[in-house]
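The data block below is query_38.txt; it holds compact mmCIF, N, CA and C atoms.
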```
# COMPACT_ATOMS: atom_id res chain seq x y z
N GLN X 4 -20.49 1.92 -5.58
CA GLN X 4 -19.29 2.68 -5.93
C GLN X 4 -18.14 2.25 -5.02
N VAL X 5 -17.05 1.85 -5.64
CA VAL X 5 -15.90 1.39 -4.87
C VAL X 5 -15.08 2.60 -4.42
N GLN X 6 -14.76 2.62 -3.14
CA GLN X 6 -13.93 3.70 -2.60
C GLN X 6 -12.86 3.11 -1.70
N LEU X 7 -11.69 3.73 -1.76
CA LEU X 7 -10.58 3.35 -0.90
C LEU X 7 -10.18 4.57 -0.09
N VAL X 8 -9.96 4.38 1.18
CA VAL X 8 -9.55 5.48 2.05
C VAL X 8 -8.33 5.05 2.85
N GLU X 9 -7.22 5.75 2.65
CA GLU X 9 -6.02 5.47 3.41
C GLU X 9 -6.00 6.31 4.69
N SER X 10 -5.35 5.76 5.69
CA SER X 10 -5.14 6.48 6.94
C SER X 10 -3.88 5.93 7.61
N GLY X 11 -3.44 6.64 8.63
CA GLY X 11 -2.30 6.13 9.39
C GLY X 11 -0.98 6.83 9.10
N GLY X 12 -0.98 7.71 8.13
CA GLY X 12 0.24 8.44 7.85
C GLY X 12 0.53 9.46 8.94
N GLY X 13 1.69 10.09 8.84
CA GLY X 13 2.05 11.09 9.82
C GLY X 13 3.53 11.36 9.82
N LEU X 14 3.97 12.04 10.86
CA LEU X 14 5.38 12.39 11.04
C LEU X 14 6.02 11.41 12.01
N VAL X 15 7.12 10.83 11.60
CA VAL X 15 7.82 9.86 12.44
C VAL X 15 9.32 10.07 12.32
N GLN X 16 10.04 9.72 13.34
CA GLN X 16 11.49 9.85 13.29
C GLN X 16 12.13 8.69 12.54
N ILE X 17 13.31 8.91 12.06
CA ILE X 17 14.08 7.85 11.41
C ILE X 17 14.17 6.65 12.36
N GLY X 18 13.90 5.48 11.80
CA GLY X 18 13.91 4.26 12.60
C GLY X 18 12.57 3.91 13.22
N GLY X 19 11.61 4.82 13.10
CA GLY X 19 10.29 4.60 13.67
C GLY X 19 9.41 3.73 12.79
N SER X 20 8.15 3.57 13.23
CA SER X 20 7.20 2.71 12.53
C SER X 20 5.87 3.42 12.33
N LEU X 21 5.18 3.01 11.30
CA LEU X 21 3.82 3.44 11.05
C LEU X 21 3.06 2.27 10.46
N ARG X 22 1.76 2.25 10.72
CA ARG X 22 0.90 1.28 10.06
C ARG X 22 -0.14 2.04 9.26
N LEU X 23 -0.08 1.87 7.97
CA LEU X 23 -1.07 2.47 7.08
C LEU X 23 -2.25 1.52 6.90
N SER X 24 -3.43 2.10 6.84
CA SER X 24 -4.64 1.33 6.61
C SER X 24 -5.28 1.76 5.29
N CYS X 25 -5.89 0.82 4.63
CA CYS X 25 -6.63 1.08 3.41
C CYS X 25 -8.01 0.46 3.57
N GLY X 26 -8.98 1.27 3.91
CA GLY X 26 -10.34 0.80 4.07
C GLY X 26 -11.06 0.80 2.74
N VAL X 27 -11.70 -0.32 2.42
CA VAL X 27 -12.38 -0.48 1.14
C VAL X 27 -13.88 -0.53 1.37
N SER X 28 -14.62 0.24 0.61
CA SER X 28 -16.08 0.17 0.63
C SER X 28 -16.58 -0.03 -0.78
N GLY X 29 -17.75 -0.64 -0.89
CA GLY X 29 -18.34 -0.88 -2.20
C GLY X 29 -17.85 -2.15 -2.88
N TYR X 30 -16.95 -2.88 -2.25
CA TYR X 30 -16.46 -4.14 -2.78
C TYR X 30 -15.97 -4.98 -1.62
N THR X 31 -16.41 -6.21 -1.57
CA THR X 31 -15.98 -7.11 -0.50
C THR X 31 -14.65 -7.74 -0.86
N LEU X 32 -13.71 -7.60 0.01
CA LEU X 32 -12.37 -8.14 -0.24
C LEU X 32 -12.38 -9.66 -0.12
N GLU X 33 -12.61 -10.30 -1.24
CA GLU X 33 -12.53 -11.75 -1.30
C GLU X 33 -11.59 -12.16 -2.44
N HIS X 34 -11.87 -11.67 -3.63
CA HIS X 34 -11.01 -11.91 -4.78
C HIS X 34 -10.47 -10.56 -5.24
N TYR X 35 -9.18 -10.35 -5.09
CA TYR X 35 -8.65 -9.03 -5.39
C TYR X 35 -7.13 -9.02 -5.36
N ALA X 36 -6.59 -7.95 -5.83
CA ALA X 36 -5.18 -7.61 -5.62
C ALA X 36 -5.13 -6.19 -5.09
N ILE X 37 -4.31 -6.00 -4.11
CA ILE X 37 -4.11 -4.67 -3.52
C ILE X 37 -2.65 -4.26 -3.71
N GLY X 38 -2.45 -3.06 -4.13
CA GLY X 38 -1.10 -2.52 -4.26
C GLY X 38 -0.93 -1.28 -3.42
N TRP X 39 0.23 -1.15 -2.83
CA TRP X 39 0.61 0.10 -2.16
C TRP X 39 1.66 0.79 -3.04
N PHE X 40 1.45 2.07 -3.26
CA PHE X 40 2.36 2.87 -4.05
C PHE X 40 2.76 4.10 -3.25
N ARG X 41 3.80 4.76 -3.71
CA ARG X 41 4.17 6.02 -3.07
C ARG X 41 4.71 6.98 -4.10
N GLN X 42 4.61 8.26 -3.78
CA GLN X 42 5.14 9.29 -4.66
C GLN X 42 5.77 10.38 -3.82
N ALA X 43 7.06 10.53 -3.98
CA ALA X 43 7.79 11.58 -3.29
C ALA X 43 7.80 12.83 -4.16
N PRO X 44 8.00 14.00 -3.56
CA PRO X 44 8.03 15.24 -4.33
C PRO X 44 9.05 15.18 -5.46
N GLY X 45 8.60 15.52 -6.65
CA GLY X 45 9.50 15.55 -7.79
C GLY X 45 9.85 14.19 -8.38
N LYS X 46 9.23 13.14 -7.85
CA LYS X 46 9.54 11.80 -8.33
C LYS X 46 8.29 11.12 -8.88
N ARG X 47 8.51 10.09 -9.64
CA ARG X 47 7.39 9.33 -10.19
C ARG X 47 6.80 8.41 -9.13
N ARG X 48 5.54 8.08 -9.30
CA ARG X 48 4.90 7.13 -8.40
C ARG X 48 5.55 5.77 -8.60
N GLU X 49 5.79 5.08 -7.50
CA GLU X 49 6.44 3.77 -7.58
C GLU X 49 5.71 2.76 -6.72
N GLY X 50 5.75 1.52 -7.15
CA GLY X 50 5.14 0.45 -6.39
C GLY X 50 5.95 0.12 -5.16
N VAL X 51 5.27 -0.14 -4.07
CA VAL X 51 5.92 -0.48 -2.80
C VAL X 51 5.72 -1.95 -2.47
N SER X 52 4.46 -2.34 -2.34
CA SER X 52 4.12 -3.71 -1.96
C SER X 52 2.79 -4.07 -2.59
N CYS X 53 2.55 -5.36 -2.77
CA CYS X 53 1.26 -5.78 -3.29
C CYS X 53 0.92 -7.17 -2.77
N PHE X 54 -0.36 -7.44 -2.77
CA PHE X 54 -0.89 -8.72 -2.31
C PHE X 54 -1.99 -9.17 -3.25
N SER X 55 -1.98 -10.43 -3.61
CA SER X 55 -3.03 -10.99 -4.44
C SER X 55 -3.73 -12.12 -3.69
N SER X 56 -5.06 -12.05 -3.61
CA SER X 56 -5.79 -13.12 -2.93
C SER X 56 -5.89 -14.37 -3.81
N THR X 57 -5.57 -14.25 -5.10
CA THR X 57 -5.68 -15.37 -6.02
C THR X 57 -4.80 -16.53 -5.55
N ASP X 58 -3.56 -16.19 -5.21
CA ASP X 58 -2.62 -17.24 -4.78
C ASP X 58 -1.90 -16.87 -3.49
N GLY X 59 -2.35 -15.78 -2.86
CA GLY X 59 -1.72 -15.36 -1.61
C GLY X 59 -0.35 -14.75 -1.79
N SER X 60 -0.01 -14.41 -3.02
CA SER X 60 1.34 -13.90 -3.28
C SER X 60 1.49 -12.48 -2.73
N ILE X 61 2.67 -12.23 -2.25
CA ILE X 61 3.05 -10.91 -1.73
C ILE X 61 4.39 -10.53 -2.35
N TYR X 62 4.47 -9.33 -2.84
CA TYR X 62 5.72 -8.85 -3.41
C TYR X 62 6.04 -7.48 -2.84
N HIS X 63 7.31 -7.26 -2.62
CA HIS X 63 7.79 -5.96 -2.15
C HIS X 63 8.85 -5.45 -3.11
N ALA X 64 8.90 -4.14 -3.24
CA ALA X 64 9.96 -3.54 -4.02
C ALA X 64 11.30 -3.78 -3.33
N ASP X 65 12.36 -3.73 -4.11
CA ASP X 65 13.69 -4.01 -3.56
C ASP X 65 14.04 -3.09 -2.41
N PHE X 66 13.60 -1.86 -2.48
CA PHE X 66 14.00 -0.89 -1.45
C PHE X 66 13.32 -1.17 -0.11
N VAL X 67 12.32 -2.04 -0.10
CA VAL X 67 11.67 -2.36 1.17
C VAL X 67 12.63 -3.09 2.10
N GLU X 68 13.40 -4.00 1.53
CA GLU X 68 14.47 -4.69 2.29
C GLU X 68 13.97 -5.30 3.60
N GLY X 69 12.79 -5.90 3.55
CA GLY X 69 12.28 -6.61 4.71
C GLY X 69 11.67 -5.74 5.79
N ARG X 70 11.54 -4.44 5.55
CA ARG X 70 11.04 -3.54 6.59
C ARG X 70 9.52 -3.42 6.62
N PHE X 71 8.84 -3.75 5.53
CA PHE X 71 7.40 -3.55 5.43
C PHE X 71 6.68 -4.90 5.37
N THR X 72 5.46 -4.90 5.90
CA THR X 72 4.62 -6.09 5.86
C THR X 72 3.23 -5.68 5.38
N ILE X 73 2.69 -6.42 4.44
CA ILE X 73 1.33 -6.17 3.96
C ILE X 73 0.42 -7.26 4.51
N SER X 74 -0.75 -6.85 4.97
CA SER X 74 -1.69 -7.82 5.53
C SER X 74 -3.10 -7.32 5.30
N SER X 75 -4.06 -8.19 5.57
CA SER X 75 -5.45 -7.79 5.38
C SER X 75 -6.31 -8.35 6.50
N ASP X 76 -7.39 -7.65 6.77
CA ASP X 76 -8.41 -8.11 7.70
C ASP X 76 -9.72 -8.05 6.93
N ASN X 77 -10.14 -9.19 6.41
CA ASN X 77 -11.33 -9.20 5.57
C ASN X 77 -12.60 -8.92 6.37
N THR X 78 -12.57 -9.13 7.67
CA THR X 78 -13.75 -8.81 8.49
C THR X 78 -13.97 -7.30 8.56
N LYS X 79 -12.87 -6.56 8.38
CA LYS X 79 -12.96 -5.09 8.37
C LYS X 79 -12.84 -4.52 6.96
N ASN X 80 -12.67 -5.42 5.99
CA ASN X 80 -12.50 -4.97 4.60
C ASN X 80 -11.37 -3.95 4.48
N THR X 81 -10.28 -4.27 5.15
CA THR X 81 -9.17 -3.32 5.25
C THR X 81 -7.85 -4.04 5.00
N VAL X 82 -6.96 -3.35 4.32
CA VAL X 82 -5.62 -3.85 4.08
C VAL X 82 -4.64 -2.92 4.78
N TYR X 83 -3.56 -3.49 5.29
CA TYR X 83 -2.60 -2.72 6.07
C TYR X 83 -1.21 -2.80 5.45
N LEU X 84 -0.45 -1.75 5.69
CA LEU X 84 0.97 -1.76 5.35
C LEU X 84 1.72 -1.34 6.61
N GLN X 85 2.34 -2.32 7.25
CA GLN X 85 3.14 -2.04 8.43
C GLN X 85 4.55 -1.68 7.98
N MET X 86 4.99 -0.50 8.37
CA MET X 86 6.30 -0.02 7.94
C MET X 86 7.18 0.18 9.16
N ASN X 87 8.28 -0.53 9.19
CA ASN X 87 9.23 -0.45 10.30
C ASN X 87 10.56 0.09 9.82
N ASN X 88 11.35 0.54 10.78
CA ASN X 88 12.70 1.04 10.48
C ASN X 88 12.68 2.05 9.33
N LEU X 89 11.80 3.01 9.46
CA LEU X 89 11.61 3.98 8.39
C LEU X 89 12.84 4.86 8.20
N ARG X 90 13.07 5.21 6.96
CA ARG X 90 14.22 6.04 6.57
C ARG X 90 13.70 7.35 5.99
N SER X 91 14.59 8.29 5.87
CA SER X 91 14.17 9.61 5.35
C SER X 91 13.69 9.50 3.91
N ASP X 92 14.25 8.56 3.16
CA ASP X 92 13.82 8.42 1.76
C ASP X 92 12.51 7.67 1.62
N ASP X 93 11.90 7.29 2.72
CA ASP X 93 10.54 6.73 2.68
C ASP X 93 9.49 7.84 2.70
N THR X 94 9.92 9.07 2.87
CA THR X 94 9.00 10.20 2.87
C THR X 94 8.30 10.33 1.53
N ALA X 95 6.97 10.28 1.56
CA ALA X 95 6.18 10.32 0.33
C ALA X 95 4.70 10.30 0.69
N VAL X 96 3.88 10.52 -0.31
CA VAL X 96 2.46 10.24 -0.18
C VAL X 96 2.25 8.78 -0.57
N TYR X 97 1.58 8.05 0.29
CA TYR X 97 1.35 6.64 0.05
C TYR X 97 -0.11 6.40 -0.37
N TYR X 98 -0.26 5.60 -1.40
CA TYR X 98 -1.57 5.29 -1.95
C TYR X 98 -1.81 3.79 -1.94
N CYS X 99 -3.06 3.41 -1.72
CA CYS X 99 -3.43 2.02 -1.96
C CYS X 99 -4.30 1.98 -3.22
N ALA X 100 -4.26 0.84 -3.88
CA ALA X 100 -5.00 0.67 -5.12
C ALA X 100 -5.55 -0.74 -5.18
N LEU X 101 -6.71 -0.88 -5.79
CA LEU X 101 -7.43 -2.15 -5.82
C LEU X 101 -7.68 -2.61 -7.25
N SER X 102 -7.41 -3.88 -7.47
CA SER X 102 -7.83 -4.53 -8.70
C SER X 102 -8.79 -5.65 -8.29
N PRO X 103 -10.10 -5.45 -8.50
CA PRO X 103 -11.07 -6.42 -8.01
C PRO X 103 -11.25 -7.59 -8.97
N GLY X 104 -11.79 -8.68 -8.42
CA GLY X 104 -12.13 -9.80 -9.28
C GLY X 104 -11.20 -10.99 -9.09
N PRO X 105 -11.67 -12.19 -9.47
CA PRO X 105 -10.83 -13.38 -9.34
C PRO X 105 -9.72 -13.39 -10.38
N GLY X 106 -8.63 -14.04 -10.03
CA GLY X 106 -7.54 -14.18 -10.98
C GLY X 106 -6.65 -12.97 -11.11
N THR X 107 -6.88 -11.94 -10.31
CA THR X 107 -6.03 -10.75 -10.41
C THR X 107 -4.73 -11.00 -9.66
N GLY X 108 -3.65 -10.58 -10.27
CA GLY X 108 -2.34 -10.80 -9.68
C GLY X 108 -1.71 -9.51 -9.22
N CYS X 109 -0.64 -9.65 -8.48
CA CYS X 109 0.12 -8.49 -8.00
C CYS X 109 0.74 -7.73 -9.17
N SER X 110 0.84 -6.44 -9.00
CA SER X 110 1.53 -5.63 -9.99
C SER X 110 2.11 -4.41 -9.30
N HIS X 111 3.31 -4.06 -9.70
CA HIS X 111 3.92 -2.83 -9.21
C HIS X 111 3.68 -1.68 -10.19
N TYR X 112 2.80 -1.90 -11.17
CA TYR X 112 2.50 -0.86 -12.14
C TYR X 112 1.12 -0.29 -11.89
N SER X 113 1.02 1.02 -11.96
CA SER X 113 -0.25 1.70 -11.67
C SER X 113 -1.37 1.23 -12.57
N ALA X 114 -1.05 0.88 -13.81
CA ALA X 114 -2.08 0.50 -14.77
C ALA X 114 -2.77 -0.80 -14.39
N GLY X 115 -2.20 -1.52 -13.45
CA GLY X 115 -2.78 -2.79 -13.04
C GLY X 115 -3.95 -2.66 -12.09
N TYR X 116 -4.31 -1.44 -11.72
CA TYR X 116 -5.33 -1.23 -10.70
C TYR X 116 -6.44 -0.30 -11.20
N ASP X 117 -7.64 -0.57 -10.70
CA ASP X 117 -8.82 0.16 -11.17
C ASP X 117 -9.26 1.28 -10.22
N TYR X 118 -8.98 1.09 -8.95
CA TYR X 118 -9.47 2.05 -7.95
C TYR X 118 -8.31 2.49 -7.06
N TRP X 119 -8.35 3.77 -6.70
CA TRP X 119 -7.27 4.35 -5.92
C TRP X 119 -7.83 5.17 -4.75
N GLY X 120 -7.05 5.18 -3.69
CA GLY X 120 -7.37 6.07 -2.58
C GLY X 120 -6.78 7.44 -2.82
N GLN X 121 -7.03 8.32 -1.87
CA GLN X 121 -6.60 9.72 -2.02
C GLN X 121 -5.17 9.95 -1.54
N GLY X 122 -4.63 8.98 -0.84
CA GLY X 122 -3.25 9.08 -0.36
C GLY X 122 -3.15 9.57 1.07
N THR X 123 -2.08 9.18 1.72
CA THR X 123 -1.79 9.64 3.07
C THR X 123 -0.30 9.98 3.15
N GLN X 124 0.00 11.11 3.76
CA GLN X 124 1.37 11.61 3.80
C GLN X 124 2.16 10.90 4.89
N VAL X 125 3.33 10.44 4.52
CA VAL X 125 4.29 9.89 5.47
C VAL X 125 5.54 10.74 5.41
N THR X 126 5.93 11.29 6.54
CA THR X 126 7.12 12.12 6.61
C THR X 126 8.05 11.53 7.66
N VAL X 127 9.26 11.22 7.24
CA VAL X 127 10.26 10.64 8.13
C VAL X 127 11.36 11.67 8.31
N SER X 128 11.58 12.06 9.53
CA SER X 128 12.57 13.10 9.78
C SER X 128 13.53 12.70 10.89
N SER X 129 14.61 13.41 10.94
CA SER X 129 15.60 13.17 12.00
C SER X 129 15.35 14.12 13.17
```

Could you spell out this file's structure in C-alpha cells?
Amino acid sequence: QVQLVESGGGLVQIGGSLRLSCGVSGYTLEHYAIGWFRQAPGKRREGVSCFSSTDGSIYHADFVEGRFTISSDNTKNTVYLQMNNLRSDDTAVYYCALSPGPGTGCSHYSAGYDYWGQGTQVTVSS
C-alpha cells in the first residue's frame, strides 16, 4: 500500500523559510512524478511545484517566483519542498502527490496523481 506523509509545516513569519518533507512508503522512488499542491481557505487546490524522474524536469507555478526548490533523497524515499521568502499568501495546507511508474511527467493538475498525503499546514504571519 502506497502512503505519503507530509511534515515540516508550521507557523513562520513573513520572509521566513520552511522545508516540507514528503515521505513515501510502499513504493520505491525510482520512476515517478511528485507534485506539491496547496489549498488555502476558501480557495481551490492549486499546483505549486513538481518533479519528474523521467527526464529530471522541474516546474514551478508562476507565483513561486524562484522562492521554492523541489528535491529528493532516494535513499530516504523522501521528496522535499524548500520554501524561502515566504509571504502571507503562501498560507495554506500543502499536499504532496505521487504518480508512480516510468514515463510519468510533471503535472500541476490533481488528476495527474494517484496517491496523496494528508497535508501539512503552513501559516505565514507578520

task: Fewer than 5 positions away in the same chain doesn't count, so skip those; otherwise give me all residues within 7 Å of range 95-99 of chain X, counting only C-alpha atoms, as a list in words.
output: Glu9, Cys25, Ile37, Gly38, Trp39, Phe40, Arg41, Gln42, Ala43, Trp119, Gly120, Gln121, Gly122, Thr123, Gln124, Val125 and Thr126 of chain X

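As for CA of Asn87 in chain X and CA of Tyr35 in chain X, they are spaced 25.3 Å apart.
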
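For the atom pair formed by atom C of Ile61 in chain X and atom N of Gln85 in chain X, the distance is 12.8 Å, given to one decimal.
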
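In terms of minimum interatomic distance to Gln6 in chain X, X:Tyr118 ranks closest within X:Tyr62, X:Phe71, X:Phe54, X:Tyr118, counting only C-alpha atoms.
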
Compile a residue-level contact table for range 24-90 of chain X against range 104-115 of chain X at a cut-off of 10 Å, reporting for every qualifying residue the shortest atom pair and its distance in Å to one decimal, with only C-alpha atoms counted, rows ordered by chain and ascending number, as CSV.
```
residue,atom,partner,partner_atom,distance
X:Tyr30,CA,X:Gly104,CA,9.6
X:Thr31,CA,X:Gly104,CA,10.0
X:Leu32,CA,X:Gly104,CA,9.2
X:Glu33,CA,X:Gly104,CA,8.2
X:His34,CA,X:Pro105,CA,4.8
X:Tyr35,CA,X:Gly104,CA,5.3
X:Ala36,CA,X:Thr107,CA,5.8
X:Ile37,CA,X:Cys109,CA,7.2
X:Gly38,CA,X:Ser110,CA,7.0
X:Trp39,CA,X:His111,CA,8.3
X:Phe40,CA,X:His111,CA,7.8
X:Arg48,CA,X:Ser113,CA,8.2
X:Glu49,CA,X:His111,CA,7.3
X:Gly50,CA,X:His111,CA,4.5
X:Val51,CA,X:His111,CA,7.1
X:Ser52,CA,X:His111,CA,7.3
X:Cys53,CA,X:Cys109,CA,5.6
X:Phe54,CA,X:Cys109,CA,5.8
X:Ser55,CA,X:Gly108,CA,5.3
X:Ser56,CA,X:Thr107,CA,7.9
X:Thr57,CA,X:Gly106,CA,5.4
X:Asp58,CA,X:Gly108,CA,8.1
X:Gly59,CA,X:Gly108,CA,9.3
X:Ser60,CA,X:Cys109,CA,7.3
X:Ile61,CA,X:Cys109,CA,7.3
X:Tyr62,CA,X:Cys109,CA,7.2
X:His63,CA,X:His111,CA,8.6
X:Ala64,CA,X:His111,CA,8.0
```

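The space between CA of Val5 in chain X and CA of Gly45 in chain X spans 29.2 Å.
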
Please produce, as a tab-separated table, a per-residue contact table for range 22-49 of chain X versus range 11-16 of chain X (criterion: any atom at most 7 Å away, only C-alpha atoms considered), showing the nearest atom pair and its distance in Å to one decimal, sorted by chain then residue number.
```
residue	atom	partner	partner_atom	distance
X:Arg22	CA	X:Gly11	CA	5.8
X:Leu23	CA	X:Gly11	CA	4.5
X:Ser24	CA	X:Gly11	CA	6.0
```

- prompt: Hey, what does DSSP flag as strand (DSSP E) within range 47-103 of chain X? Can you give it to me as a PyMOL selection string?
  reply: chain X and resi 49-55+61-63+71-76+81-86+95-103

Those same residues, written as a CSV table (one decimal), in the coordinates of the input with N, CA and C atoms?
```
chain,number,residue,atom,x,y,z
X,49,GLU,N,5.8,5.1,-7.5
X,49,GLU,CA,6.4,3.8,-7.6
X,49,GLU,C,5.7,2.8,-6.7
X,50,GLY,N,5.8,1.5,-7.2
X,50,GLY,CA,5.1,0.4,-6.4
X,50,GLY,C,6.0,0.1,-5.2
X,51,VAL,N,5.3,-0.1,-4.1
X,51,VAL,CA,5.9,-0.5,-2.8
X,51,VAL,C,5.7,-2.0,-2.5
X,52,SER,N,4.5,-2.3,-2.3
X,52,SER,CA,4.1,-3.7,-2.0
X,52,SER,C,2.8,-4.1,-2.6
X,53,CYS,N,2.6,-5.4,-2.8
X,53,CYS,CA,1.3,-5.8,-3.3
X,53,CYS,C,0.9,-7.2,-2.8
X,54,PHE,N,-0.4,-7.4,-2.8
X,54,PHE,CA,-0.9,-8.7,-2.3
X,54,PHE,C,-2.0,-9.2,-3.2
X,55,SER,N,-2.0,-10.4,-3.6
X,55,SER,CA,-3.0,-11.0,-4.4
X,55,SER,C,-3.7,-12.1,-3.7
X,61,ILE,N,2.7,-12.2,-2.2
X,61,ILE,CA,3.0,-10.9,-1.7
X,61,ILE,C,4.4,-10.5,-2.4
X,62,TYR,N,4.5,-9.3,-2.8
X,62,TYR,CA,5.7,-8.8,-3.4
X,62,TYR,C,6.0,-7.5,-2.8
X,63,HIS,N,7.3,-7.3,-2.6
X,63,HIS,CA,7.8,-6.0,-2.2
X,63,HIS,C,8.8,-5.4,-3.1
X,71,PHE,N,8.8,-3.8,5.5
X,71,PHE,CA,7.4,-3.6,5.4
X,71,PHE,C,6.7,-4.9,5.4
X,72,THR,N,5.5,-4.9,5.9
X,72,THR,CA,4.6,-6.1,5.9
X,72,THR,C,3.2,-5.7,5.4
X,73,ILE,N,2.7,-6.4,4.4
X,73,ILE,CA,1.3,-6.2,4.0
X,73,ILE,C,0.4,-7.3,4.5
X,74,SER,N,-0.8,-6.8,5.0
X,74,SER,CA,-1.7,-7.8,5.5
X,74,SER,C,-3.1,-7.3,5.3
X,75,SER,N,-4.1,-8.2,5.6
X,75,SER,CA,-5.4,-7.8,5.4
X,75,SER,C,-6.3,-8.4,6.5
X,76,ASP,N,-7.4,-7.6,6.8
X,76,ASP,CA,-8.4,-8.1,7.7
X,76,ASP,C,-9.7,-8.0,6.9
X,81,THR,N,-10.3,-4.3,5.2
X,81,THR,CA,-9.2,-3.3,5.2
X,81,THR,C,-7.8,-4.0,5.0
X,82,VAL,N,-7.0,-3.4,4.3
X,82,VAL,CA,-5.6,-3.8,4.1
X,82,VAL,C,-4.6,-2.9,4.8
X,83,TYR,N,-3.6,-3.5,5.3
X,83,TYR,CA,-2.6,-2.7,6.1
X,83,TYR,C,-1.2,-2.8,5.4
X,84,LEU,N,-0.4,-1.8,5.7
X,84,LEU,CA,1.0,-1.8,5.4
X,84,LEU,C,1.7,-1.3,6.6
X,85,GLN,N,2.3,-2.3,7.2
X,85,GLN,CA,3.1,-2.0,8.4
X,85,GLN,C,4.6,-1.7,8.0
X,86,MET,N,5.0,-0.5,8.4
X,86,MET,CA,6.3,0.0,7.9
X,86,MET,C,7.2,0.2,9.2
X,95,ALA,N,7.0,10.3,1.6
X,95,ALA,CA,6.2,10.3,0.3
X,95,ALA,C,4.7,10.3,0.7
X,96,VAL,N,3.9,10.5,-0.3
X,96,VAL,CA,2.5,10.2,-0.2
X,96,VAL,C,2.2,8.8,-0.6
X,97,TYR,N,1.6,8.0,0.3
X,97,TYR,CA,1.4,6.6,0.0
X,97,TYR,C,-0.1,6.4,-0.4
X,98,TYR,N,-0.3,5.6,-1.4
X,98,TYR,CA,-1.6,5.3,-2.0
X,98,TYR,C,-1.8,3.8,-1.9
X,99,CYS,N,-3.1,3.4,-1.7
X,99,CYS,CA,-3.4,2.0,-2.0
X,99,CYS,C,-4.3,2.0,-3.2
X,100,ALA,N,-4.3,0.8,-3.9
X,100,ALA,CA,-5.0,0.7,-5.1
X,100,ALA,C,-5.6,-0.7,-5.2
X,101,LEU,N,-6.7,-0.9,-5.8
X,101,LEU,CA,-7.4,-2.2,-5.8
X,101,LEU,C,-7.7,-2.6,-7.2
X,102,SER,N,-7.4,-3.9,-7.5
X,102,SER,CA,-7.8,-4.5,-8.7
X,102,SER,C,-8.8,-5.6,-8.3
X,103,PRO,N,-10.1,-5.4,-8.5
X,103,PRO,CA,-11.1,-6.4,-8.0
X,103,PRO,C,-11.2,-7.6,-9.0
```

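Each of X:Val67, X:Val8, X:Leu21, X:Val127 was compared to Leu84 in chain X using only C-alpha atoms, and X:Leu21 turns out to be the nearest.
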
Range 96-108 of chain X written out with N, CA and C atoms as a CSV table (one decimal), in the first residue's frame:
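Written out: result-v3.csv:
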```csv
chain,number,residue,atom,x,y,z
X,96,VAL,N,-2.8,24.7,3.3
X,96,VAL,CA,-2.4,23.3,3.6
X,96,VAL,C,-1.7,22.8,2.4
X,97,TYR,N,-0.5,22.3,2.6
X,97,TYR,CA,0.3,21.8,1.5
X,97,TYR,C,0.3,20.3,1.4
X,98,TYR,N,0.1,19.8,0.2
X,98,TYR,CA,0.0,18.3,0.0
X,98,TYR,C,1.0,17.9,-1.0
X,99,CYS,N,1.5,16.7,-0.9
X,99,CYS,CA,2.3,16.1,-1.9
X,99,CYS,C,1.5,15.0,-2.5
X,100,ALA,N,1.8,14.7,-3.8
X,100,ALA,CA,1.1,13.7,-4.5
X,100,ALA,C,2.1,12.9,-5.4
X,101,LEU,N,1.8,11.7,-5.6
X,101,LEU,CA,2.7,10.8,-6.4
X,101,LEU,C,2.0,10.2,-7.6
X,102,SER,N,2.7,10.2,-8.7
X,102,SER,CA,2.3,9.4,-9.9
X,102,SER,C,3.4,8.4,-10.1
X,103,PRO,N,3.2,7.1,-9.8
X,103,PRO,CA,4.3,6.2,-9.9
X,103,PRO,C,4.4,5.6,-11.3
X,104,GLY,N,5.6,5.1,-11.6
X,104,GLY,CA,5.8,4.4,-12.9
X,104,GLY,C,6.7,5.1,-13.8
X,105,PRO,N,7.3,4.4,-14.8
X,105,PRO,CA,8.1,5.1,-15.8
X,105,PRO,C,7.3,5.9,-16.7
X,106,GLY,N,8.0,7.0,-17.3
X,106,GLY,CA,7.3,7.8,-18.3
X,106,GLY,C,6.3,8.8,-17.7
X,107,THR,N,6.2,8.9,-16.4
X,107,THR,CA,5.3,9.9,-15.8
X,107,THR,C,5.9,11.3,-15.9
X,108,GLY,N,5.1,12.2,-16.2
X,108,GLY,CA,5.6,13.6,-16.3
X,108,GLY,C,5.0,14.5,-15.3
```
